[in-house]
$ cat target31.txt   # compact mmCIF, C-alpha atoms
# COMPACT_ATOMS: atom_id res chain seq x y z
CA MET A 75 -40.62 -86.26 -107.59
CA SER A 76 -39.33 -83.97 -104.82
CA ASN A 77 -37.91 -81.67 -107.51
CA GLU A 78 -41.42 -81.24 -108.90
CA LYS A 79 -42.91 -80.46 -105.48
CA GLY A 80 -40.43 -77.66 -104.79
CA PRO A 81 -41.43 -75.39 -107.68
CA ASP A 82 -45.14 -76.22 -107.22
CA HIS A 83 -44.90 -75.33 -103.53
CA SER A 84 -43.10 -72.07 -104.36
CA ARG A 85 -45.74 -71.17 -106.93
CA ARG A 86 -48.52 -71.90 -104.42
CA LYS A 87 -46.80 -69.72 -101.81
CA GLU A 88 -46.39 -66.89 -104.30
CA ARG A 89 -50.05 -67.17 -105.41
CA SER A 90 -51.06 -67.07 -101.77
CA ARG A 91 -48.86 -64.02 -101.11
CA GLN A 92 -50.29 -62.17 -104.11
CA ALA A 93 -53.85 -63.05 -103.06
CA ILE A 94 -53.21 -61.72 -99.54
CA LEU A 95 -51.71 -58.46 -100.81
CA ALA A 96 -54.51 -57.93 -103.32
CA ALA A 97 -57.11 -58.66 -100.63
CA THR A 98 -55.43 -56.17 -98.31
CA ARG A 99 -55.47 -53.41 -100.91
CA ALA A 100 -59.11 -54.14 -101.77
CA LEU A 101 -60.27 -54.14 -98.16
CA VAL A 102 -58.41 -50.96 -97.24
CA ALA A 103 -59.98 -49.28 -100.29
CA GLU A 104 -63.47 -50.44 -99.25
CA GLU A 105 -63.51 -50.16 -95.46
CA ALA A 106 -62.47 -47.75 -92.75
CA TYR A 107 -58.92 -48.84 -91.92
CA GLU A 108 -59.68 -49.62 -88.28
CA LYS A 109 -62.36 -52.09 -89.42
CA VAL A 110 -59.93 -54.08 -91.57
CA THR A 111 -58.68 -57.14 -89.70
CA VAL A 112 -56.24 -59.93 -90.44
CA GLU A 113 -59.21 -62.30 -90.28
CA ALA A 114 -61.02 -60.31 -92.98
CA ILE A 115 -57.91 -60.25 -95.16
CA ALA A 116 -57.52 -64.01 -94.78
CA ALA A 117 -61.16 -64.62 -95.67
CA ARG A 118 -60.97 -62.37 -98.75
CA ALA A 119 -57.72 -64.03 -99.87
CA GLY A 120 -59.04 -67.55 -99.26
CA VAL A 121 -56.27 -68.48 -96.83
CA GLY A 122 -56.05 -69.27 -93.14
CA LYS A 123 -55.23 -66.51 -90.68
CA GLN A 124 -52.06 -68.36 -89.67
CA THR A 125 -50.85 -68.23 -93.26
CA ILE A 126 -50.71 -64.45 -92.88
CA TYR A 127 -49.17 -64.50 -89.41
CA ARG A 128 -46.43 -66.88 -90.56
CA ARG A 129 -45.31 -64.22 -93.04
CA TRP A 130 -46.22 -60.92 -91.35
CA PRO A 131 -46.42 -60.07 -87.62
CA SER A 132 -49.30 -57.57 -87.80
CA LYS A 133 -51.95 -55.92 -89.91
CA SER A 134 -49.70 -52.88 -90.41
CA ALA A 135 -46.93 -55.12 -91.79
CA VAL A 136 -49.36 -56.63 -94.31
CA VAL A 137 -50.53 -53.16 -95.35
CA PHE A 138 -46.93 -52.06 -95.87
CA ALA A 139 -46.21 -55.19 -97.92
CA ALA A 140 -49.31 -54.48 -100.02
CA LEU A 141 -48.06 -50.97 -100.74
CA LEU A 142 -44.48 -52.09 -101.37
CA ALA A 143 -45.70 -54.66 -103.89
CA LEU A 144 -47.13 -51.85 -106.01
CA SER A 145 -43.62 -50.50 -106.57
CA GLU A 146 -41.96 -53.85 -107.27
CA ASP A 147 -40.20 -53.95 -110.63
CA ALA A 148 -40.82 -57.17 -112.51
CA ASP A 149 -37.17 -57.31 -113.57
CA GLY A 150 -35.88 -56.58 -110.09
CA GLN A 151 -34.18 -53.41 -111.36
CA SER A 152 -33.60 -50.44 -109.10
CA VAL A 153 -36.03 -47.54 -109.34
CA THR A 154 -35.13 -44.88 -111.91
CA LEU A 155 -36.76 -41.69 -113.13
CA PRO A 156 -37.09 -40.85 -116.82
CA ASP A 157 -34.01 -39.17 -118.27
CA THR A 158 -34.71 -37.96 -121.80
CA GLY A 159 -32.36 -35.00 -121.47
CA ASP A 160 -35.32 -32.64 -120.96
CA LEU A 161 -35.47 -32.11 -117.20
CA GLU A 162 -38.68 -30.07 -117.25
CA ALA A 163 -40.57 -32.67 -119.31
CA ASP A 164 -39.24 -35.54 -117.22
CA LEU A 165 -40.17 -33.92 -113.92
CA LYS A 166 -43.63 -32.95 -115.16
CA LEU A 167 -44.24 -36.53 -116.26
CA VAL A 168 -43.23 -37.86 -112.84
CA MET A 169 -45.07 -35.21 -110.83
CA ARG A 170 -48.28 -35.60 -112.84
CA ALA A 171 -48.14 -39.37 -112.23
CA THR A 172 -47.50 -38.76 -108.52
CA ALA A 173 -50.44 -36.36 -108.24
CA GLU A 174 -52.68 -38.81 -110.10
CA GLU A 175 -51.64 -41.66 -107.83
CA PHE A 176 -52.31 -39.70 -104.64
CA ALA A 177 -55.66 -38.53 -106.03
CA ASP A 178 -56.74 -42.13 -106.67
CA PRO A 179 -59.16 -43.08 -103.84
CA ALA A 180 -57.83 -46.64 -103.47
CA PHE A 181 -54.20 -45.52 -103.22
CA ASP A 182 -55.18 -42.61 -100.98
CA ARG A 183 -56.76 -44.91 -98.41
CA LEU A 184 -53.83 -47.33 -98.51
CA ILE A 185 -51.17 -44.68 -98.01
CA ARG A 186 -53.18 -42.88 -95.32
CA ALA A 187 -53.55 -46.18 -93.46
CA LEU A 188 -49.82 -46.79 -93.70
CA ASN A 189 -48.99 -43.26 -92.54
CA THR A 190 -51.21 -43.78 -89.49
CA GLU A 191 -49.24 -46.89 -88.59
CA ILE A 192 -45.85 -45.33 -89.31
CA ALA A 193 -46.63 -42.46 -86.94
CA ASN A 194 -47.04 -44.93 -84.08
CA ASP A 195 -44.60 -47.73 -84.98
CA ALA A 196 -40.89 -46.86 -85.07
CA ALA A 197 -39.90 -50.26 -86.46
CA LEU A 198 -42.37 -49.99 -89.33
CA ALA A 199 -41.20 -46.41 -90.01
CA ALA A 200 -37.60 -47.64 -90.24
CA GLU A 201 -38.61 -50.43 -92.61
CA TYR A 202 -40.57 -47.96 -94.74
CA ARG A 203 -37.54 -45.66 -94.99
CA GLU A 204 -35.20 -48.52 -95.86
CA LYS A 205 -37.33 -50.39 -98.39
CA LEU A 206 -39.39 -47.68 -100.05
CA ALA A 207 -38.57 -44.07 -99.15
CA GLN A 208 -34.77 -44.19 -99.45
CA PRO A 209 -34.63 -45.98 -102.83
CA LEU A 210 -37.17 -43.51 -104.23
CA GLU A 211 -35.29 -40.53 -102.81
CA GLU A 212 -32.01 -41.75 -104.30
CA ALA A 213 -33.65 -42.21 -107.71
CA LYS A 214 -34.98 -38.66 -107.56
CA ARG A 215 -31.59 -37.30 -106.46
CA ALA A 216 -29.84 -39.21 -109.25
CA ARG A 217 -32.10 -37.59 -111.87
CA LEU A 218 -31.43 -34.12 -110.49
CA ARG A 219 -27.70 -34.88 -110.27
CA SER A 220 -27.59 -35.82 -113.94
CA ALA A 221 -29.37 -32.55 -114.79
CA GLN A 222 -26.88 -30.64 -112.65
CA GLU A 223 -23.96 -32.29 -114.45
CA VAL A 224 -25.17 -30.99 -117.84
CA GLY A 225 -25.94 -27.48 -116.56
CA GLN A 226 -29.74 -27.72 -116.30
CA LEU A 227 -29.59 -26.98 -112.57
CA ASP A 228 -27.31 -24.62 -110.66
CA ALA A 229 -23.98 -26.31 -109.95
CA ASP A 230 -24.25 -25.41 -106.26
CA ALA A 231 -27.92 -26.34 -105.87
CA ASP A 232 -28.80 -28.35 -102.76
CA LEU A 233 -30.51 -31.34 -104.36
CA ASP A 234 -32.20 -32.48 -101.14
CA LEU A 235 -33.73 -29.03 -100.73
CA ALA A 236 -34.78 -29.03 -104.40
CA LEU A 237 -36.63 -32.31 -103.84
CA GLU A 238 -38.36 -30.91 -100.77
CA VAL A 239 -39.47 -27.83 -102.72
CA LEU A 240 -40.74 -30.11 -105.50
CA TYR A 241 -42.55 -32.78 -103.47
CA ALA A 242 -43.43 -31.33 -100.04
CA PRO A 243 -46.22 -29.00 -101.24
CA LEU A 244 -47.94 -31.88 -103.03
CA PHE A 245 -47.69 -34.08 -99.94
CA GLN A 246 -48.95 -31.24 -97.74
CA ARG A 247 -51.94 -30.63 -100.02
CA TRP A 248 -52.71 -34.35 -100.04
CA LEU A 249 -52.28 -34.75 -96.27
CA HIS A 250 -54.56 -31.84 -95.38
CA ARG A 251 -56.93 -32.29 -98.34
CA SER A 252 -56.45 -28.58 -98.95
CA GLY A 253 -56.77 -28.56 -102.74
CA PRO A 254 -57.03 -30.70 -105.85
CA LEU A 255 -54.09 -32.79 -107.02
CA THR A 256 -54.19 -31.92 -110.70
CA ALA A 257 -51.74 -32.05 -113.59
CA ALA A 258 -51.71 -28.24 -113.60
CA TYR A 259 -50.74 -28.18 -109.93
CA ALA A 260 -48.00 -30.74 -110.54
CA ASP A 261 -46.66 -28.64 -113.43
CA SER A 262 -46.66 -25.51 -111.26
CA LEU A 263 -44.46 -27.26 -108.69
CA VAL A 264 -41.96 -28.22 -111.38
CA ASP A 265 -41.95 -24.67 -112.76
CA ALA A 266 -41.36 -23.17 -109.29
CA THR A 267 -38.56 -25.64 -108.52
CA LEU A 268 -36.77 -24.99 -111.80
CA ARG A 269 -37.02 -21.21 -111.27
CA ALA A 270 -35.53 -21.60 -107.80
CA PHE A 271 -32.74 -24.03 -108.66
CA GLY A 272 -32.08 -23.44 -112.36
CA PRO A 273 -28.70 -22.27 -113.68

$ encode --input "target31.txt" --output "structure tokens"
Amino acid sequence: MSNEKGPDHSRRKERSRQAILAATRALVAEEAYEKVTVEAIAARAGVGKQTIYRRWPSKSAVVFAALLALSEDADGQSVTLPDTGDLEADLKLVMRATAEEFADPAFDRLIRALNTEIANDAALAAEYREKLAQPLEEAKRARLRSAQEVGQLDADADLDLALEVLYAPLFQRWLHRSGPLTAAYADSLVDATLRAFGP
């Protein structure tokens, strides 16, 4: 009988975790971030406040977990970028998806909330770099490295700089709300990066 309780308990815990993360994303999308509380998340998820605090130490930790869950791969595989052999097409696919994601109001509010917390919480910033930013950066670098190896990028190109040229303008436009995040804009960033770092 104890063998049956183990899996059931694990399933209940996972359902509870998913409910909490979904509730967090929904509330951050609906409310001003400062008005979202752990109590409100617990009520929306149908769990007790202590259930959240047993797993996460703060609201910002729950928000980060809610964002991180969006990038979880069902198979537990590491993050990879498309590699069809056509670097321009692959980068345009990724950059268009990135622009679309940042233009989505629900994602926008979630990532802005997290950036507010990261700016004031060194421990959360370190966790963000370790669990989300660094794996994504390495996946991006790996795609550029493979293009470099087959002569689609200059052999001496600084891949970290190439990524900054590719992504930083989009992030800047998003951060300052200085222009639309469109597919055409995403394509223009790819075109500029390939002109600068091409063979």

$ axis_aligned_box --input "target31.txt" --around "stretch 102-107 of chain A" --padding-each-side "8 Å" --output "AutoDock Vina command-line options"
--center_x -61.0 --center_y -49.4 --center_z -96.1 --size_x 21.1 --size_y 19.2 --size_z 24.4

$ residues_around --input "target31.txt" --residues "A:Phe181" --least-positions-apart "5" --cutoff "9 Å" --atoms "only C-alpha atoms" --output "list in words"
Arg99, Ala103, Leu141, Glu175, Phe176 and Arg186 of chain A

$ atom_distance --input "target31.txt" --atom1 "atom CA of A:Pro254" --atom2 "atom CA of A:Leu184"
18.5 Å

$ residues_around --input "target31.txt" --residues "A:Val137" --least-positions-apart "5" --cutoff "9 Å" --atoms "only C-alpha atoms" --output "JSON, numbers by chain"
{"A": [95, 98, 99, 102, 132, 142, 184, 185, 187, 188]}

$ closest_residue --input "target31.txt" --among "A:Gln92, A:Gln124, A:Asn194, A:Thr111" --to "A:Ala143" --atoms "only C-alpha atoms"
A:Gln92

$ closest_residue --input "target31.txt" --among "A:Gly122, A:Pro131, A:Gly225, A:Gly159" --to "A:Leu198" --atoms "all atoms listed in the file"
A:Pro131

$ closest_residue --input "target31.txt" --among "A:Lys214, A:Lys123, A:Tyr107, A:Pro243" --to "A:Asn189" --atoms "only C-alpha atoms"
A:Tyr107

$ closest_residue --input "target31.txt" --among "A:Ala135, A:Leu167, A:Ile115, A:Ser262" --to "A:Tyr202" --atoms "all atoms listed in the file"
A:Ala135

$ closest_residue --input "target31.txt" --among "A:Arg247, A:Lys166, A:Arg203, A:Arg183" --to "A:Leu263" --atoms "all atoms listed in the file"
A:Lys166

$ atom_distance --input "target31.txt" --atom1 "atom CA of A:Arg91" --atom2 "atom CA of A:Arg128"
11.2 Å

$ atom_distance --input "target31.txt" --atom1 "atom CA of A:Lys133" --atom2 "atom CA of A:Glu191"
9.5 Å

$ closest_residue --input "target31.txt" --among "A:Ala270, A:Val239, A:Ile126, A:Ala257" --to "A:Gln226" --atoms "all atoms listed in the file"
A:Ala270

$ residues_around --input "target31.txt" --residues "A:Leu155" --least-positions-apart "5" --cutoff "12 Å" --atoms "all atoms listed in the file" --output "MDAnalysis selection string"
chainID A and resid 161 163:169 171 209:221
